[in-house]
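Coordinates from structure02.cif are shown below (mmCIF, C-alpha atoms).
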```cif
data_final
#
loop_
_atom_site.label_atom_id
_atom_site.label_comp_id
_atom_site.auth_asym_id
_atom_site.auth_seq_id
_atom_site.Cartn_x
_atom_site.Cartn_y
_atom_site.Cartn_z
CA MET G 1 0.00 0.00 0.00
CA GLY G 2 1.41 3.36 -1.04
CA LYS G 3 2.41 6.23 1.20
CA ILE G 4 -0.73 8.19 0.30
CA LEU G 5 -3.01 5.40 1.52
CA TRP G 6 -0.88 4.92 4.64
CA LYS G 7 -1.25 8.62 5.49
CA TYR G 8 -4.96 8.47 4.71
CA PHE G 9 -5.57 5.48 7.02
CA LEU G 10 -3.48 6.99 9.81
CA LYS G 11 -5.30 10.31 9.52
CA GLU G 12 -8.69 8.57 9.62
CA MET G 13 -7.74 6.70 12.81
CA LEU G 14 -5.89 9.54 14.52
CA GLY G 15 -8.87 11.93 14.47
CA PRO G 16 -11.37 9.78 16.42
CA PHE G 17 -8.52 8.51 18.62
CA LEU G 18 -7.63 12.00 19.85
CA VAL G 19 -11.26 13.03 20.29
CA SER G 20 -12.04 9.84 22.23
CA LEU G 21 -8.91 10.28 24.36
CA VAL G 22 -9.82 13.84 25.39
CA VAL G 23 -13.46 12.94 26.14
CA LEU G 24 -12.48 9.87 28.20
CA ILE G 25 -9.91 11.83 30.22
CA LEU G 26 -12.51 14.52 30.99
CA VAL G 27 -15.04 11.88 32.08
CA LEU G 28 -12.50 10.17 34.35
CA LEU G 29 -11.40 13.54 35.71
CA LEU G 30 -14.98 14.47 36.53
CA GLY G 31 -15.44 11.21 38.42
CA LYS G 32 -12.25 11.82 40.41
CA VAL G 33 -13.28 15.39 41.22
CA MET G 34 -16.70 14.25 42.47
CA LYS G 35 -15.05 11.61 44.65
CA LEU G 36 -12.72 14.21 46.22
CA SER G 37 -15.26 17.03 46.30
CA ASP G 38 -14.97 17.41 50.10
CA VAL G 39 -11.30 18.29 49.76
CA LEU G 40 -11.21 20.09 46.42
CA PHE G 41 -14.17 22.38 47.13
CA SER G 42 -13.32 23.20 50.73
CA GLY G 43 -12.57 26.82 49.91
CA GLY G 44 -8.90 26.69 50.76
CA VAL G 45 -7.73 24.90 47.63
CA THR G 46 -5.87 27.04 45.12
CA LEU G 47 -5.85 26.53 41.37
CA ALA G 48 -2.19 25.51 41.57
CA ALA G 49 -2.95 22.80 44.15
CA PHE G 50 -5.88 21.51 42.09
CA SER G 51 -3.74 21.46 38.93
CA ARG G 52 -1.06 19.53 40.80
CA ILE G 53 -3.53 16.78 41.74
CA VAL G 54 -4.85 16.60 38.16
CA TYR G 55 -1.28 16.36 36.86
CA PHE G 56 -0.44 13.42 39.12
CA ALA G 57 -3.78 11.72 38.34
CA LEU G 58 -3.25 12.05 34.57
CA PRO G 59 -1.18 8.80 34.20
CA TYR G 60 -4.04 6.85 35.84
CA PHE G 61 -6.52 8.38 33.41
CA LEU G 62 -4.27 7.64 30.44
CA LEU G 63 -3.81 4.01 31.48
CA TYR G 64 -7.51 3.36 30.90
CA ALA G 65 -8.23 6.02 28.30
CA ILE G 66 -5.53 5.04 25.76
CA PRO G 67 -6.72 1.41 25.19
CA MET G 68 -10.32 2.54 24.88
CA ALA G 69 -9.42 5.45 22.60
CA THR G 70 -7.36 3.07 20.45
CA LEU G 71 -10.36 0.77 20.13
CA LEU G 72 -12.72 3.61 19.23
CA GLY G 73 -10.26 5.32 16.89
CA VAL G 74 -9.67 2.20 14.79
CA HIS G 75 -13.29 1.04 14.97
CA LEU G 76 -14.87 4.35 13.95
CA ALA G 77 -12.35 4.91 11.15
CA PHE G 78 -13.03 1.55 9.49
CA LEU G 79 -16.76 1.87 10.18
CA ARG G 80 -16.86 5.20 8.35
CA MET G 81 -14.88 3.85 5.40
CA ALA G 82 -17.08 0.75 5.22
CA ASN G 83 -20.28 2.82 5.26
CA ASP G 84 -18.94 5.05 2.47
CA ARG G 85 -17.99 1.93 0.46
CA GLU G 86 -14.32 2.94 0.50
CA ILE G 87 -13.29 -0.52 1.72
CA ILE G 88 -15.05 -2.09 -1.28
CA ALA G 89 -13.33 0.38 -3.61
CA LEU G 90 -9.93 -0.42 -2.11
CA LYS G 91 -10.49 -4.16 -2.51
CA ALA G 92 -11.58 -3.64 -6.11
CA SER G 93 -8.32 -1.71 -6.68
CA GLY G 94 -6.25 -4.63 -5.42
CA VAL G 95 -5.70 -3.41 -1.85
CA GLY G 96 -6.54 -6.41 0.30
CA CYS G 97 -7.16 -6.58 4.03
CA GLY G 98 -3.65 -7.92 4.52
CA LYS G 99 -2.28 -4.57 3.35
CA MET G 100 -4.74 -2.57 5.46
CA ILE G 101 -3.42 -4.09 8.67
CA GLY G 102 -0.14 -2.16 8.38
CA PRO G 103 -1.44 1.28 9.51
CA VAL G 104 -3.52 -0.43 12.21
CA LEU G 105 -0.38 -2.08 13.60
CA VAL G 106 1.41 1.27 13.70
CA VAL G 107 -1.40 2.80 15.78
CA VAL G 108 -1.91 -0.10 18.19
CA ILE G 109 1.82 -0.75 18.75
CA SER G 110 2.44 2.94 19.44
CA ALA G 111 -0.44 2.99 21.91
CA TYR G 112 0.85 -0.23 23.52
CA LEU G 113 4.38 1.13 24.01
CA LEU G 114 3.11 4.38 25.52
CA THR G 115 0.70 2.58 27.87
CA THR G 116 3.39 0.09 28.93
CA TYR G 117 5.77 2.91 29.83
CA ILE G 118 3.06 4.62 31.88
CA SER G 119 2.02 1.40 33.61
CA LEU G 120 5.50 0.17 34.55
CA PHE G 121 7.39 3.37 35.30
CA VAL G 122 5.15 6.45 35.61
CA LEU G 123 2.01 5.24 37.40
CA PRO G 124 3.55 4.01 40.72
CA ASP G 125 5.30 7.33 41.33
CA SER G 126 2.21 9.33 40.34
CA TYR G 127 0.08 7.35 42.83
CA PHE G 128 2.51 8.25 45.60
CA ARG G 129 2.85 11.90 44.67
CA MET G 130 -0.91 12.30 44.32
CA ARG G 131 -1.40 10.88 47.83
CA GLN G 132 1.18 13.33 49.13
CA SER G 133 -0.64 16.22 47.47
CA LEU G 134 -4.00 15.09 48.84
CA TYR G 135 -2.49 14.76 52.30
CA GLU G 136 -1.24 18.34 52.13
CA LEU G 137 -4.72 19.52 51.11
CA ILE G 138 -6.31 17.51 53.89
CA GLN G 139 -4.09 19.30 56.39
CA LYS G 140 -5.52 22.62 55.21
CA SER G 141 -9.16 21.49 55.09
CA GLY G 142 -9.54 19.59 58.35
CA LYS G 143 -12.71 21.47 59.32
CA VAL G 144 -14.48 20.31 56.21
CA LEU G 145 -13.47 16.68 56.57
CA LEU G 146 -14.84 16.27 60.10
CA LYS G 147 -18.56 15.63 59.70
CA GLU G 148 -21.35 14.68 62.03
CA ARG G 149 -21.87 10.95 62.62
CA VAL G 150 -19.49 9.92 59.85
CA PHE G 151 -16.28 7.95 60.30
CA VAL G 152 -13.39 9.95 58.81
CA ASP G 153 -10.02 8.30 58.11
CA GLN G 154 -8.37 10.87 55.84
CA PHE G 155 -5.56 11.56 58.31
CA PRO G 156 -3.07 8.63 58.26
CA GLY G 157 -3.34 6.44 61.37
CA LEU G 158 -6.34 8.31 62.80
CA LEU G 159 -10.04 7.49 62.73
CA PHE G 160 -12.53 10.19 63.82
CA TYR G 161 -16.19 10.12 64.80
CA VAL G 162 -18.00 13.28 65.88
CA ASN G 163 -21.54 13.06 67.22
CA HIS G 164 -22.41 16.74 66.74
CA ILE G 165 -20.84 19.93 65.32
CA ASP G 166 -22.29 23.26 66.40
CA PRO G 167 -23.22 25.11 63.17
CA GLU G 168 -22.32 28.53 64.64
CA THR G 169 -19.27 27.98 66.85
CA LYS G 170 -18.02 24.87 64.97
CA ARG G 171 -17.31 23.22 68.32
CA LEU G 172 -17.28 19.45 68.37
CA GLU G 173 -19.35 17.44 70.83
CA LYS G 174 -18.83 13.81 71.87
CA VAL G 175 -15.68 12.98 69.93
CA LEU G 176 -14.25 9.47 69.42
CA ILE G 177 -10.72 9.00 68.05
CA GLN G 178 -8.83 5.79 67.31
CA ASP G 179 -5.11 6.57 67.21
CA ASN G 180 -3.04 3.89 65.39
CA ARG G 181 -0.10 6.07 64.38
CA THR G 182 2.22 4.19 66.74
CA PRO G 183 1.47 0.43 66.55
CA GLU G 184 3.02 -0.35 69.94
CA ALA G 185 1.04 2.44 71.66
CA ARG G 186 -2.40 2.35 70.10
CA CYS G 187 -5.11 4.14 72.01
CA THR G 188 -8.74 5.21 71.92
CA ILE G 189 -9.71 8.74 72.93
CA PHE G 190 -13.15 9.80 74.15
CA ALA G 191 -13.90 13.50 74.73
CA LYS G 192 -17.02 15.49 75.54
CA SER G 193 -15.93 18.49 73.46
CA GLY G 194 -13.32 19.57 70.95
CA GLU G 195 -12.22 22.42 68.74
CA LEU G 196 -10.01 22.66 65.67
CA VAL G 197 -7.41 25.41 65.83
CA PRO G 198 -5.20 26.12 62.77
CA LEU G 199 -1.43 26.05 63.18
CA LYS G 200 0.80 28.86 61.99
CA ASN G 201 1.73 29.06 58.30
CA ASP G 202 -1.20 26.77 57.36
CA SER G 203 0.86 23.71 58.35
CA GLY G 204 -2.06 21.81 59.82
CA TYR G 205 -4.47 21.84 62.77
CA VAL G 206 -4.49 21.17 66.49
CA LEU G 207 -7.54 19.35 67.82
CA GLN G 208 -8.08 20.67 71.37
CA LEU G 209 -10.12 18.12 73.33
CA GLY G 210 -11.76 18.71 76.68
CA ASN G 211 -13.00 16.42 79.48
CA GLY G 212 -12.20 12.97 78.21
CA VAL G 213 -10.36 9.71 78.73
CA ILE G 214 -7.57 7.89 76.88
CA THR G 215 -7.67 4.08 76.86
CA ARG G 216 -4.58 2.10 75.99
CA ILE G 217 -4.45 -1.70 75.58
CA ASN G 218 -1.23 -3.58 74.87
CA ASP G 219 -0.80 -6.02 71.99
CA SER G 220 -1.32 -9.10 74.18
CA MET G 221 -4.68 -7.71 75.39
CA ASP G 222 -3.89 -8.55 79.02
CA THR G 223 -3.45 -5.04 80.44
CA ALA G 224 -5.30 -1.76 79.97
CA GLN G 225 -4.65 1.79 81.06
CA ASN G 226 -7.12 4.66 81.43
CA ILE G 227 -6.00 8.30 81.64
CA ASN G 228 -8.52 11.03 82.43
CA PHE G 229 -7.83 14.51 81.15
CA GLU G 230 -9.39 17.96 81.22
CA ARG G 231 -7.46 19.20 78.20
CA TYR G 232 -5.64 17.25 75.47
CA GLU G 233 -4.15 18.47 72.20
CA LEU G 234 -3.83 16.29 69.10
CA VAL G 235 -1.77 17.64 66.18
CA LEU G 236 -3.25 16.96 62.74
CA GLY G 237 -0.85 17.46 59.87
CA GLY G 238 2.31 19.52 60.19
CA LYS G 239 5.74 18.04 59.65
CA ARG G 240 6.03 14.34 60.33
CA LYS G 241 8.99 12.41 61.57
CA GLY G 242 10.92 10.84 58.75
CA GLY G 243 10.17 13.63 56.27
CA GLY G 244 6.59 12.76 55.26
CA LEU G 245 4.63 9.88 53.80
CA THR G 246 6.24 6.63 52.73
CA ARG G 247 5.35 4.21 49.94
CA SER G 248 3.15 2.06 52.18
CA LYS G 249 0.64 0.96 49.53
CA ALA G 250 1.36 -1.84 47.06
CA LYS G 251 0.28 0.17 44.01
CA GLU G 252 2.89 2.82 44.88
CA LEU G 253 5.78 0.37 44.75
CA THR G 254 8.01 0.60 41.71
CA THR G 255 8.18 -2.35 39.33
CA ARG G 256 11.64 -3.25 40.63
CA GLN G 257 10.40 -3.18 44.23
CA LEU G 258 7.48 -5.42 43.28
CA ILE G 259 9.81 -7.99 41.71
CA GLU G 260 12.08 -7.91 44.76
CA ARG G 261 9.15 -8.50 47.13
CA ILE G 262 7.82 -11.34 44.99
CA ARG G 263 11.22 -13.04 45.14
CA SER G 264 11.52 -12.44 48.88
CA ARG G 265 10.87 -15.43 51.14
CA LYS G 266 9.75 -13.25 54.04
CA ILE G 267 6.27 -12.45 52.71
CA ASP G 268 3.27 -14.72 53.21
CA LYS G 269 1.24 -16.36 50.45
CA LYS G 270 -1.52 -13.74 50.51
CA ARG G 271 0.89 -10.86 49.96
CA SER G 272 2.77 -12.83 47.32
CA ILE G 273 -0.46 -13.29 45.32
CA LYS G 274 -1.26 -9.58 45.75
CA TYR G 275 2.15 -8.49 44.43
CA ARG G 276 2.11 -10.95 41.54
CA LEU G 277 -1.38 -9.81 40.56
CA LEU G 278 -0.26 -6.20 40.52
CA LEU G 279 2.84 -7.00 38.46
CA HIS G 280 0.90 -9.04 35.90
CA LYS G 281 -1.74 -6.31 35.68
CA ARG G 282 0.90 -3.68 34.93
CA ILE G 283 2.23 -5.84 32.09
CA ALA G 284 -1.02 -7.36 30.79
CA PHE G 285 -3.34 -4.35 30.72
CA PRO G 286 -1.33 -2.37 28.10
CA VAL G 287 -1.65 -5.41 25.79
CA SER G 288 -5.33 -4.46 25.53
CA CYS G 289 -4.23 -1.74 23.08
CA LEU G 290 -3.03 -4.47 20.71
CA VAL G 291 -5.91 -6.94 20.98
CA LEU G 292 -8.72 -4.37 21.11
CA GLY G 293 -7.27 -2.29 18.27
CA LEU G 294 -6.81 -5.33 16.06
CA ILE G 295 -10.30 -6.66 16.78
CA ALA G 296 -11.89 -3.24 16.12
CA ALA G 297 -10.87 -2.98 12.45
CA PRO G 298 -12.58 -6.10 11.05
CA LEU G 299 -15.68 -5.42 13.15
CA GLY G 300 -15.80 -1.89 11.77
CA MET G 301 -15.60 -3.20 8.21
CA LYS G 302 -18.51 -5.56 8.76
CA VAL G 303 -20.91 -3.32 10.68
CA ARG G 304 -23.23 -1.65 8.17
CA GLU G 305 -24.98 1.38 9.64
CA ASP G 306 -26.09 4.79 8.42
CA THR G 307 -24.82 6.57 11.50
CA ARG G 308 -21.74 6.40 13.70
CA VAL G 309 -23.69 6.17 16.96
CA PRO G 310 -24.30 2.40 16.75
CA GLY G 311 -20.62 2.01 15.85
CA LEU G 312 -19.66 3.96 18.97
CA ALA G 313 -21.99 1.80 21.05
CA SER G 314 -20.51 -1.40 19.63
CA GLY G 315 -17.00 -0.12 20.41
CA LEU G 316 -17.95 0.60 24.01
CA ALA G 317 -19.56 -2.84 24.26
CA ILE G 318 -16.32 -4.51 23.13
CA PHE G 319 -14.33 -2.68 25.80
CA LEU G 320 -16.94 -3.50 28.45
CA VAL G 321 -16.79 -7.23 27.65
CA TYR G 322 -12.99 -7.11 27.76
CA TYR G 323 -12.91 -5.28 31.09
CA VAL G 324 -15.49 -7.63 32.66
CA THR G 325 -13.44 -10.64 31.51
CA LEU G 326 -10.25 -9.08 32.89
CA THR G 327 -11.91 -8.25 36.22
CA ALA G 328 -13.37 -11.75 36.54
CA GLY G 329 -9.94 -13.29 35.99
CA GLN G 330 -8.41 -10.92 38.55
CA ASN G 331 -11.06 -11.76 41.16
CA LEU G 332 -10.57 -15.50 40.64
CA SER G 333 -6.83 -15.03 41.07
CA GLU G 334 -7.27 -13.02 44.27
CA VAL G 335 -9.16 -15.86 45.96
CA GLY G 336 -6.61 -18.40 44.76
CA ILE G 337 -8.81 -20.34 42.32
CA ILE G 338 -6.50 -19.74 39.36
CA PRO G 339 -2.90 -18.47 39.15
CA PRO G 340 -2.41 -14.71 38.56
CA ALA G 341 -0.63 -15.42 35.26
CA ILE G 342 -3.80 -17.07 33.93
CA GLY G 343 -6.32 -14.70 35.48
CA LEU G 344 -4.73 -11.50 34.19
CA TRP G 345 -3.82 -12.83 30.72
CA PHE G 346 -7.00 -14.77 29.92
CA ALA G 347 -8.83 -11.75 28.46
CA ASN G 348 -5.87 -10.88 26.22
CA LEU G 349 -5.63 -14.48 25.03
CA VAL G 350 -9.33 -14.72 24.16
CA PHE G 351 -9.51 -11.36 22.39
CA GLY G 352 -6.19 -11.98 20.64
CA VAL G 353 -7.48 -15.26 19.17
CA LEU G 354 -10.71 -13.53 18.13
CA ALA G 355 -8.74 -10.72 16.44
CA ILE G 356 -6.70 -13.21 14.39
CA PHE G 357 -9.84 -15.17 13.48
CA PHE G 358 -11.74 -12.03 12.39
CA TRP G 359 -8.85 -10.82 10.21
CA VAL G 360 -8.69 -14.21 8.52
CA GLN G 361 -12.44 -14.15 7.92
CA ILE G 362 -12.44 -10.62 6.54
CA SER G 363 -9.48 -11.31 4.26
CA ARG G 364 -11.39 -14.25 2.75
CA ASP G 365 -14.63 -12.23 2.40
CA ARG G 366 -16.48 -14.43 4.86
CA GLY G 367 -18.93 -13.54 7.60
CA MET G 368 -17.42 -12.87 11.00
CA LEU G 369 -18.70 -16.16 12.43
CA GLU G 370 -18.81 -18.16 9.21
CA ILE G 371 -16.83 -21.40 9.57
CA PRO G 372 -16.85 -23.54 6.38
CA LEU G 373 -16.32 -26.84 8.20
CA LEU G 374 -19.31 -26.33 10.48
CA LYS G 375 -21.36 -25.10 7.53
CA ARG G 376 -20.66 -28.30 5.62
CA LEU G 377 -21.51 -30.45 8.63
CA PHE G 378 -24.87 -28.77 9.06
CA SER G 379 -25.60 -28.99 5.33
CA MET G 380 -24.98 -32.78 5.41
CA LYS G 381 -27.76 -33.15 7.97
#
```
Mind turning this structure into structure tokens?
Amino acid sequence: MGKILWKYFLKEMLGPFLVSLVVLILVLLLGKVMKLSDVLFSGGVTLAAFSRIVYFALPYFLLYAIPMATLLGVHLAFLRMANDREIIALKASGVGCGKMIGPVLVVVISAYLLTTYISLFVLPDSYFRMRQSLYELIQKSGKVLLKERVFVDQFPGLLFYVNHIDPETKRLEKVLIQDNRTPEARCTIFAKSGELVPLKNDSGYVLQLGNGVITRINDSMDTAQNINFERYELVLGGKRKGGGLTRSKAKELTTRQLIERIRSRKIDKKRSIKYRLLLHKRIAFPVSCLVLGLIAAPLGMKVREDTRVPGLASGLAIFLVYYVTLTAGQNLSEVGIIPPAIGLWFANLVFGVLAIFFWVQISRDRGMLEIPLLKRLFSMK
């Protein structure tokens, strides 16, 4: 296929790909903003702080948006050309489906390489930095996060429950706090009243509690200690020992750290499965760009519609089936029914086989599910 046709195919796929990518990122961003609305709309969040969170969340959005945009870009391009009879004209000119796969491979391989780089190297660090940014915002919006009769765990190691907040004075009444910041000295705090007082330079808050009791129980559960107090101050936020948050969550571990922990003999079976699942997911999910992009082209050539809306719906349905299959395999792996290598790669295997089968069918001008051997068997009956 000549350079002109290559450029034409790439242009046809690139347009819907970019539009789909932007729309999907905006939809995912809206969902993230709604989830963090208590923090982001607290009144003390600047545009720079909000932009910082969006920047660190962008790799997560791209991880899911790129495979879906690849699917829609290829699918809508071939659907449009099929509806305008351009595919028939190309075949009549001697351009077979085997030659059309070249531009498709360029798009899907490029998307795969970009998604793999994000998944293996960019995403773990962005998870960690986004949590750091959210923690800094939480320090500045503590008053908003403490709500009546709602358990709040936004501050690391602390769990809050406030029975009532005076709407005028903002004083807290009947406060319960579970303090797990120091594992060897865990305690539960009950107080009749409390008040949040901001620290200097917006570095956090001090929760001033009045008339309460602190209960401490050791790890062996054989001794307990009660301390009554009239006034107790609990610092929320500010500078922490050790220089801030650490990479305590599995998804924040780098790929090298994941491999090292998988090879370590010190972790139990449950954690080993968790780490192997995460590693396989980071490697397997970008492959969806390849299998979904390759399966989208022959389906687009065979779907005959007068509008692009059904084509868009069929593209979304393909991605939904893929994601459900991937999630089912992941869930089965988590409970130990199947190995992580099978659970996370099963969807790619199934859709990869279907992509090869559909390209063979379309190159031979057959129906998508037309199998000559089965057709002959049924005709014999």
Point to revise | Spatial neighbours of segment 89-104 of chain G, 12 Å, only C-alpha atoms, chain gap at least 2 places, as a PyMOL selection string | key: chain G and resi 1-14+70-71+73-75+77-78+81-87+106-111+289-298+301+355-356+358-365
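Counting all atoms listed in the file, the residue from G:Leu253, G:Leu137, G:Ala191, G:Val335 that sits nearest to Ala48 of chain G is G:Leu137.
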Review point. Please, what distance in Å, to one decimal, runs between atom CA of Arg261 of chain G and atom CA of Phe128 of chain G?
Key: 18.1 Å
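Proximity ranking of G:Leu18, G:Ile342, G:Ile66, G:Leu326 relative to Thr116 of chain G places G:Ile66 first, based on only C-alpha atoms.
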**Study point:** Å distance separating atom CA of Thr325 of chain G from atom CA of Leu278 of chain G, one decimal place
**Key:** 16.6 Å
Review point. What do you get, as an MDAnalysis selection string, if you spell out every residue that the PyMOL selection byres ((chain G and resi 55-59) around 6) selects here?
Key: chainID G and resid 52:54 60:62 123 126 130
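With distances restricted to only C-alpha atoms, G:Val287 is the closest residue to Gly352 of chain G from G:Ala224, G:Ile259, G:Leu24, G:Val287.
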Check your understanding: Can you tell me how far atom CA of Ile118 of chain G sits from atom CA of Ala284 of chain G, in Å to one decimal?
Key -> 12.7 Å
Practice item. For the point (-2.1, 18.2, 68.2) in the file's frame, write as a VMD selection string all residues with an atom no more than 10 Å away, counting only C-alpha atoms. Key: chain G and resid 196 to 197 199 204 to 209 232 to 238
Exercise for review: Determine the residue set returned by the PyMOL selection byres ((chain G and resi 167-178) around 8) for the present structure, and present it as a count of residues only.
Suggested key: 22
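Distance check against Gly336 of chain G using all atoms listed in the file: of G:Lys269, G:Tyr275, G:Leu63, G:Tyr322, the minimum falls on G:Lys269.
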